[in-house]
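So the structure is just underneath, and the comments pick up after that.
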Number of protein chains: 2
Amino acid sequence: MTLPNPCPASFRGPRLAAALWLAALATVAMPAVLATSRPAYALDAIVEKKTFTMPTYTTVSGGVLREVKVGWEAYGTLNADKSNVILITHFFSGTSHAAGKYKPEDKAPGYWDAIIGPGKPLDTDKYYIISSDTLVNLNAHDPNVVTTGPATPRPDTGKPYGMDFPVVGIRDFVNVQKALLESQGIHKLHAVMGASMGALQAYEWATGYPEMVGRVIPVIGAGDTDGWLVGWLDIWASPIRLDPNWNNGDYYGKTPPKAGLAQSLKVISLFSNYWTWADDTYNRKWAKPGEDPEKSFANRYAIEAALDSAGAARAETADANHLLYLVKANQTFAPGGDVGLARIKAPVLMISSSEDLVFPPPTIQRTADKIRSGGAKVEQVNIGGGRGHLNGVANVSEAADAITRFLAQ
Amino acid sequence: MTLPNPCPASFRGPRLAAALWLAALATVAMPAVLATSRPAYALDAIVEKKTFTMPTYTTVSGGVLREVKVGWEAYGTLNADKSNVILITHFFSGTSHAAGKYKPEDKAPGYWDAIIGPGKPLDTDKYYIISSDTLVNLNAHDPNVVTTGPATPRPDTGKPYGMDFPVVGIRDFVNVQKALLESQGIHKLHAVMGASMGALQAYEWATGYPEMVGRVIPVIGAGDTDGWLVGWLDIWASPIRLDPNWNNGDYYGKTPPKAGLAQSLKVISLFSNYWTWADDTYNRKWAKPGEDPEKSFANRYAIEAALDSAGAARAETADANHLLYLVKANQTFAPGGDVGLARIKAPVLMISSSEDLVFPPPTIQRTADKIRSGGAKVEQVNIGGGRGHLNGVANVSEAADAITRFLAQ
């Protein structure tokens, strides 16, 4: 396997961060008040999406997959001894596009552009930052995403796997990332960092491959999935199963279950958000002037219309079966069982939000306590922002100084 | 119209409260730790469900309904000057069955039996406590519920209204209750008290008919519906619209949308609950021994199976269109607009829970502030219990002393 060029472009020159990209997590408009007020320097480079291929991969559940492909992108330069690598792992509805733009005319840069770039906490002058699409990535039909999952044609038949794709877990995502890194000669991470499902991957890295991980930065995520989240993940999945077009996952080449998928994405959007956002942005506003919701079932409130539009827009490039596989991967997450988190050796910087309904404060605290019980050092930072769980994407720069210090230690 | 017998049975004799009835709000099993530990005296009487009929009622939206019927029940004795009346208004998925049993063999008494009975805060030795089913009650197919809504046959055609039923709001529920009370010669309430949607009715009473209301006890409810709840109510309704059997509400005499309705009830159950409940009761337990959820999509976690069973059981007696009408009534709730709450004259005892995700603390505080701005006295009591929004039903006895004092003032 040839070594891919680790640095797709140069990253130089300040630029005022113009926008905060939230589309991958929720396309619902963000209130202006949440935009970062201090100037930051953005990547002025064009990012190139690349493809990593594994000839064969055996899942933890025992499934054998051939020609496994995932997309990846990188920012910064790999140093000579390959000791400056930070791996970014993405959230449930995200992609590897963490920073920069694919084309100058892109509306917004990657989702964590606020903290990735020259002079920023994830400093592209110092670090080689690599980010990869997971297996069963939600956005399977996005041309900028490369993933392998139920929507992928089987190499043997040319027909999509559908629900015959093997069950995969967070450990499988990590194993493919490990192979990607090793293909570039990387055997040690300066740090692994991710938000939400990205945090789950970071914990999985630190418990599964502790010798490879120098530092861990889990953002808005706990070290195992509790009963509350298991239940909610089922609520996220259920609208897809209700849609008759889902057809037990056999819809490729037919009418896909867009309505069920859009409804799933609506639930995810609202549950990942917070009441302050709903009230400050929409409150009781009507969707259309003159169409009083009290008068008719056809007349709706602005927040209903916004959630509908966002869900429908996201459903265009998402895949319903992929969402079900992601739900399963998140539900089954408990790395190393009861003792796994105590196995972590690397120092951990946990960034969380007390507004988070997906990973509420007690789950964060239990995780910190379990890691500390094994002797590892844990630093905790709470961030606000009025967006609930989404603070970890929309408002991560509130933890910028803590990240900078932690990476330099 | 004849005056119905106000006291269907005598209410004497102590009995240990054996069970806490939660079926109407969530049939998911309650952890034993939440059962009240102090002995309480329950109604030992058999409660009789009665029917109130209005020959005609014109909704706030202008719809004219004929032969409007709602069920009601009462506990205690109406005194000579009819000054000892407490009206109980029920929650979204509830009924008028607030206390006692219909038959000795009933598994559990009414939902607030813990606080209604001789010597309890709502003392049946002192007060005449009357509770009525609302219009468009969710449990339209429960033989113990009497309501008028989309599932009701039209008097003119004999066919159910379906989605031709006029849009109704909380004020309509209150107007029918007012007619019920007036049919018994009651023109003044010692107090009105209700949980969740019952609190909304209590606020509507106090703003719409301030001269009739002596005291207000809203439990786990705010004085208007905010953007957060408008959005969530839409999430509650959406699974029904996804079910092809819903057929735009035209399913009577055909296959009803049971799957969509069950899914709606699942969402409502979990959103009304709290992470402590999910984690303490189920956490990561499997639904069946030997069926590891990591192995197959068919294998599920215990909390998923419990939510499924509860949703399916509730769907048996609920009606999908009624749920949509209730969602609309709750979304449009803003009594008297921006100035309504300042119009309240009666003292208010607000019982809420900081764990509540449906009516989170800021909505409760805004309500209290608005009422105080009009000069009315507001007392606030926070209750816990680990059940989130449901604390207002499962754990209302935590506010027992405050209720007793408030009613005696």
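Residue names in the structure tokens use chain letters A, B, ... in the order shown, residue numbers from 1 in each chain, and ligand numbers from 1 in the order shown.
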
Worksheet item: Using the chain letters and numbers from this document, which residues of segment 107-320 of chain B does DSSP assign to strand (DSSP E), as a list in words?
Response: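 The residues of segment 107-320 of chain B classed as strand (DSSP E) are Ile116, Gly117, Leu122, Asp123, Tyr128, Ile129, Ile130, Ser131, Ser132, Ala191, Val192, Met193, Gly194, Ala195, Val216, Ile217, Pro218 and Val219 of chain B.
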
Using only C-alpha atoms, find which residues of chain A lie within 6 Å of chain B and jot them down as a compact mmCIF listing (two decimals) with N, CA and C atoms, in the first residue's frame.
```
# COMPACT_ATOMS: atom_id res chain seq x y z
N ASP A 226 -25.63 4.96 28.44
CA ASP A 226 -26.50 4.56 29.55
C ASP A 226 -27.92 4.25 29.05
N GLY A 227 -28.76 3.82 29.97
CA GLY A 227 -30.12 3.43 29.61
C GLY A 227 -30.92 4.54 28.96
N TRP A 228 -30.73 5.76 29.46
CA TRP A 228 -31.43 6.93 28.91
C TRP A 228 -31.12 7.07 27.42
N GLY A 231 -32.49 4.24 25.17
CA GLY A 231 -33.90 4.49 24.87
C GLY A 231 -34.08 5.56 23.81
N TRP A 275 -33.64 24.30 25.14
CA TRP A 275 -34.80 25.18 25.18
C TRP A 275 -34.45 26.63 24.93
N ALA A 278 -34.51 27.14 21.24
CA ALA A 278 -35.87 27.11 20.68
C ALA A 278 -36.61 28.40 21.01
N ASP A 279 -36.46 28.86 22.23
CA ASP A 279 -37.22 30.03 22.66
C ASP A 279 -36.63 31.32 22.09
N TYR A 282 -37.17 30.97 17.94
CA TYR A 282 -38.52 30.84 17.37
C TYR A 282 -39.63 31.21 18.34
N ASN A 283 -39.52 30.75 19.55
CA ASN A 283 -40.59 30.87 20.52
C ASN A 283 -41.93 30.51 19.89
N ARG A 284 -42.92 31.40 19.89
CA ARG A 284 -44.25 31.05 19.38
C ARG A 284 -44.52 31.64 17.99
N ILE A 303 -41.00 26.98 14.36
CA ILE A 303 -40.04 25.94 14.75
C ILE A 303 -40.39 24.60 14.10
N GLU A 304 -41.68 24.34 13.91
CA GLU A 304 -42.09 23.10 13.24
C GLU A 304 -41.63 23.11 11.79
```

Discussion item. So the first atom is atom CA of Gly208 of chain B and the second is atom CA of Thr51 of chain B; what is the distance between them in Å, to one decimal place?
Written reply: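 Result for atom CA of Gly208 of chain B versus atom CA of Thr51 of chain B: 24.5 Å, one decimal.
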
Practice prompt. Compare A:Asp142, A:Asp319, A:Asp125, A:Asp369 by their minimum atom-to-atom distance to Leu78 of chain A, counting only C-alpha atoms, and give me the closest one.
Written response: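 Comparing A:Asp142, A:Asp319, A:Asp125, A:Asp369 against Leu78 of chain A, the winner is A:Asp125.
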
Worksheet item: Val396 of chain A: which residues within 8 Å, counting only C-alpha atoms, same-chain residues fewer than 3 positions away excluded, as a ChimeraX atom specification?
Response: /A:112,114-115,383,391-393,399-400

Write the residues of the selection above to a file with N, CA and C atoms, as a PDB file, in the first residue's frame.
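So selection-v8.pdb came out as:
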```pdb
ATOM      1  N   TRP A 112     -15.269  22.188  12.890  1.00  0.00           N
ATOM      2  CA  TRP A 112     -14.438  22.688  13.985  1.00  0.00           C
ATOM      3  C   TRP A 112     -13.379  23.657  13.466  1.00  0.00           C
ATOM      4  N   ALA A 114     -13.212  26.612  13.815  1.00  0.00           N
ATOM      5  CA  ALA A 114     -12.918  27.618  14.849  1.00  0.00           C
ATOM      6  C   ALA A 114     -11.702  27.247  15.692  1.00  0.00           C
ATOM      7  N   ILE A 115     -11.366  25.962  15.759  1.00  0.00           N
ATOM      8  CA  ILE A 115     -10.238  25.570  16.621  1.00  0.00           C
ATOM      9  C   ILE A 115      -9.118  24.866  15.853  1.00  0.00           C
ATOM     10  N   ILE A 383     -18.667  23.884  29.038  1.00  0.00           N
ATOM     11  CA  ILE A 383     -18.924  24.986  28.104  1.00  0.00           C
ATOM     12  C   ILE A 383     -20.417  25.262  28.028  1.00  0.00           C
ATOM     13  N   ASN A 391     -23.568  22.514  21.822  1.00  0.00           N
ATOM     14  CA  ASN A 391     -22.506  23.427  22.265  1.00  0.00           C
ATOM     15  C   ASN A 391     -21.127  22.871  21.920  1.00  0.00           C
ATOM     16  N   GLY A 392     -21.012  21.546  21.928  1.00  0.00           N
ATOM     17  CA  GLY A 392     -19.720  20.914  21.665  1.00  0.00           C
ATOM     18  C   GLY A 392     -19.230  21.147  20.247  1.00  0.00           C
ATOM     19  N   VAL A 393     -20.119  21.482  19.334  1.00  0.00           N
ATOM     20  CA  VAL A 393     -19.712  21.845  17.980  1.00  0.00           C
ATOM     21  C   VAL A 393     -19.781  23.362  17.802  1.00  0.00           C
ATOM     22  N   ALA A 399     -13.619  26.434  24.953  1.00  0.00           N
ATOM     23  CA  ALA A 399     -12.580  25.629  25.628  1.00  0.00           C
ATOM     24  C   ALA A 399     -11.222  25.780  24.953  1.00  0.00           C
ATOM     25  N   ALA A 400     -11.068  26.790  24.098  1.00  0.00           N
ATOM     26  CA  ALA A 400      -9.850  26.923  23.287  1.00  0.00           C
ATOM     27  C   ALA A 400      -8.577  26.952  24.142  1.00  0.00           C
TER      28      ALA A 400
END
```
